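Structure, as C-alpha cells:
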Amino acid sequence: MPLKTQPNLADPDAVYQLIVAAHHGLSADDSAALNARLVLLLANHIGDATVIQDAVRAATTSPPPPVRPSN
Amino acid sequence: MSDSSNPFAYRRAPSQDRREASHHPIVIAGAGPVGLVLALDLAKKGQRSVVLDKRTSLSDGSRAICWAKRTLEIMGRLGLADDLIAKGVTWKTGKVFHREAEVFAFDLLPEAGHQRPAFINLQQFYFEAACVAAAAKTDLIDLRWGHEMTGLDARPDGVRLTVTTPDGADDLTAGWLVATDGARSFVRQSLGLGFIGQTFDDQFLICDIKMKSARPTERWFWFDPPFNPGRSALLHRQADDVWRLDFQIGPDADRTEATKPENVAARVRAMLGPVDFTFEWISCYRFQCRRLEHFRHGRVVFAGDAAHQVSPFGARGGNSGVQDADNLGWKLDLVLRALAPEALIDSYAQERQQAADENILNSTRATDFIAPKGAGATRFRDAVLELAGTHPFARRLLNSGRLSLPATYDGSPLNTVDAFSPGAAPNVRPGAPAADAPDGIAPEGNAWLLPQLGDRFTVLAVAAPNAKLPTEFDSPPRSTNGGSINGVPVRWRTAHAPEALQRYGAVDGIAVYLIRPDQHIAARWRSFDGAEITHAIDRATARA
C-alpha cells in the first residue's frame, strides 16, 4: 500500500492540536525526544516498511527543502 | 631454539635442509581458529596441508569467546565439539538493561530437538589448543610454529613463499595459499589489497577477570548504566571462572590511562561491587566493519579476519571465520582431486562474501545502536530504550548485537532451483544449512541427524517410516557409505523422526534433499529422480 498523502483524517485540526499540545512547554531536547518516541510508535503501528520508506522520502524531499546542518 | 616440551616451539622443517623450494598442494598462513579448522577438515578428507605461524604460543588473552551452534556443529563434524562444550560454559539467555532496570531478556534456542546448544563461551586459546591437539594426531597436518612468512610471489598456477625462521630463510611453493593470518594479514598486505567498509571511532575497554561468582551464565548488556553513564557495558562468563567485561569508553579516552590496572579495577568495582578478582587480560580496541572486495585472488584465498572484520557485538568474527573454513575445505578437496574445476573456489568467494555482507550489515546496525552517530541517532536509540520498558515492540528494536547465525547462500550458483512450492520449509531451502533433528532410528548409536550429513555429499530422504523409498535407501538405513555419482562420493540417508518430517517439510509426503559436504542444502525435491540428483551434484561442484 502506498503512503497516503491525500487527506485521511476525519478531524485534522483536532489531530494537529493533539500533537502540538503534547509538546507544550517542552524544551527543544524533550520535544525532540517525544518526537522520536512518536515516530517509533507510529512506525510500528503502520508495520509496512515500504510505507515508512515512502514517508521518509516525502519528509526529506518535501518543499521547502530542509536547511541542512553544516556538519 | 627448540623446546620439545612446548608444542608451539619452533622446529626446523625437513625442507629447510634442501636447496630447492619444497612444494605443497596447500599452505595455510596463520594457525588461529580458522586456519586450524581448515587444516583439520582437509586432513579429514585426506588432504595434506602446511600451516605456518610466526608465533610460538597460542593467542594471548581470551579474544573470541562465543562459539555459536553452527560452529559447534562444524566442530562436531571434526570430532571436537563434545570436548569444547565440556570445557566451555553453555548459555542461551541474554538480558538487556537500561540504566538500572532490566528491559528485555531473550532466549536464543527456544526450539528443542537440536544436538548442539545455542552458544558456548570458551576462551579462544582453548579452542585453538583443542585444534592443535587434534592436528598432532594426523601426519597430514604439518604445523610450523615460529615460521614467519616474509615473501610472497603469487602466480597464476600457484604461489612462491619465503619463510623466515630462526635458522634462516626457507623457500616453499604452494598450489594454493589460504590466508587465515588475521586482521593484519601479511598476505593481504603483500598483495596490496585494501578493505571496503567503515571504521568506527568509539573505543572499548575489554578485560577478563577471574572471580568466583554465583551470577547466572547469561549475556548481560547495559545501556547507560550508573557505573558507565551514557555508554554501554557487557558482562559474560567464560570457562575457569573467568568473566569478560567490556566497557564503551568513548572516542577520546586516553588508551594508556584507561588500560592501567588500577583504573580498570575501579571500573570493575563500580560495576560488580566489592568483589575479589584477578586480571587475566586487559585490552582496548576500536573496530571496523569491512571486507576484501574479492576473497579469491588466483591461487590465494582469504578467510576469517584476513578477509573480513566486524565488531565483536554479535559474535560474528570467529564464528564466521569457522564457517569460511567449512565452506572452503570440501571445495579445495574436490579441486585437488580434479573432481571439480577451479570455478568451485569462486563459489567459495561468492558465498562467503555474501555471508560477510550479512555479518557486516548486522554488526554495523548493532554498532550504530550501541554507539549512535550524531544527535538524531542518539535520540532514536534513547527512545527505543525508554519505550522498551513498557511496549513489547520496542524490545525487538533494541540491538545489543544480533548473535551469529549461519548464512544461507541464496542465489549461489551451486544451488539447484527449489522444487518445493514457494514458502515451503523456508529454513531448509537451497543454500541453507541443514537443520538438526533427533532421529529416532539409530543403528550407529547416533541419535542426531546432522552428524550423518557432513564430509561428503548426502542424498537425504525425509519420509514417514512406512513410506516407499527407492532401493538406494534400502535397509539397513544409513549403512551405505560407499557409492559415487560422476566420481563424487555420495552417501544415502533417511530420516523419519517427527521433528525431521516437520523441519524438512515432509509431513505430507517424502522430501529428498541433496546436502553438500559442509551440510548446506544444494537441492530438494518432492520425489526421487536419479537424473535430477546427478545434475544437481554437477551443479553443486561447478561442473554444470
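Following the order of the C-alpha cells, first chain is A, next is B, and so on, with residues numbered from 1 inside each chain and ligands from 1 in the order they appear.
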*Write down as a ChimeraX atom specification the residues of range 103-212 of chain B whose backbone DSSP state falls under strand (DSSP E or B).*
/B:103-107,119-121,141-145,148-155,158-165,168-179,195-199,204-210
_Residues of chain B were defined as contacting chain A if any atom lay at most 9 Å from it, counting only C-alpha atoms; please report them as JSON, numbers by chain._
{"B": [376, 379, 380, 381, 382, 383, 384, 386, 387, 393, 394]}
*asked:* Can you pull out the residues contacting range 253-257 of chain B? Cut-off 9 Å, using only C-alpha atoms, and skip same-chain residues under 5 positions away; I want them as a list in words.
replied: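 These residues fall inside the cut-off: Asp202, Gln203, Leu205, Asn263, Cys284 and Tyr285 of chain B.
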File of the preceding selection, N, CA, C and O atoms, as a tab-separated table (two decimals), in the first residue's frame:
```tsv
chain	number	residue	atom	x	y	z
B	202	ASP	N	34.59	4.95	18.20
B	202	ASP	CA	34.43	4.69	19.63
B	202	ASP	C	35.45	3.66	20.10
B	202	ASP	O	35.82	2.76	19.36
B	203	GLN	N	35.89	3.81	21.34
B	203	GLN	CA	36.84	2.84	21.89
B	203	GLN	C	36.14	1.99	22.95
B	203	GLN	O	35.23	2.46	23.64
B	205	LEU	N	36.97	-0.78	26.15
B	205	LEU	CA	37.94	-1.36	27.07
B	205	LEU	C	37.46	-2.77	27.39
B	205	LEU	O	36.32	-2.96	27.82
B	263	ASN	N	43.03	1.64	37.16
B	263	ASN	CA	41.85	2.32	36.60
B	263	ASN	C	40.79	1.32	36.16
B	263	ASN	O	39.59	1.55	36.32
B	284	CYS	N	42.31	-2.70	24.82
B	284	CYS	CA	41.46	-1.61	24.38
B	284	CYS	C	41.37	-1.71	22.86
B	284	CYS	O	42.37	-1.98	22.20
B	285	TYR	N	40.18	-1.55	22.33
B	285	TYR	CA	40.07	-1.71	20.88
B	285	TYR	C	39.10	-0.71	20.27
B	285	TYR	O	38.20	-0.19	20.92
```
_When you look at Ala154 in chain B with a cut-off of 10 Å (counting only C-alpha atoms), what residues show up, excluding the ones that are within fewer than 4 positions of it in the same chain? I need them as a list in words._
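The residues that qualify are Gly158, Val159, Arg160, Leu161, Thr173, Ala174, Trp176, Leu177, Val187, Ser190, Leu191, His297, Gly298, Arg299 and Val300 of chain B.
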*Would you mind listing what lies within 6 Å of Val242 in chain B as a PyMOL selection string, with only C-alpha atoms counted and same-chain residues fewer than 3 positions away left out?*
chain B and resi 209-210+238-239
Can you spit out the residues from that selection as a short mmCIF file (atom, residue, chain, number, x, y, z; two decimals), in the first residue's frame, using N, CA and C atoms?
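Final file, part-v9.cif:
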```
data_model
loop_
_atom_site.label_atom_id
_atom_site.label_comp_id
_atom_site.auth_asym_id
_atom_site.auth_seq_id
_atom_site.Cartn_x
_atom_site.Cartn_y
_atom_site.Cartn_z
N ILE B 209 38.41 -11.04 33.85
CA ILE B 209 38.80 -11.16 35.25
C ILE B 209 38.42 -12.55 35.75
N LYS B 210 39.18 -13.01 36.73
CA LYS B 210 38.87 -14.30 37.35
C LYS B 210 38.21 -14.00 38.68
N GLN B 238 32.99 -17.00 31.04
CA GLN B 238 33.77 -17.96 30.25
C GLN B 238 34.14 -19.14 31.14
N ALA B 239 34.92 -20.04 30.59
CA ALA B 239 35.39 -21.19 31.37
C ALA B 239 36.34 -20.72 32.48
#
```
*asked:* Based on the backbone DSSP call, show me all residues of range 258-483 of chain B assigned helix (DSSP H, G or I), as a PyMOL selection string.
replied: chain B and resi 258+261-272+304-306+318-336+343-370+375-388+392-397+426-428+450-452+471-473
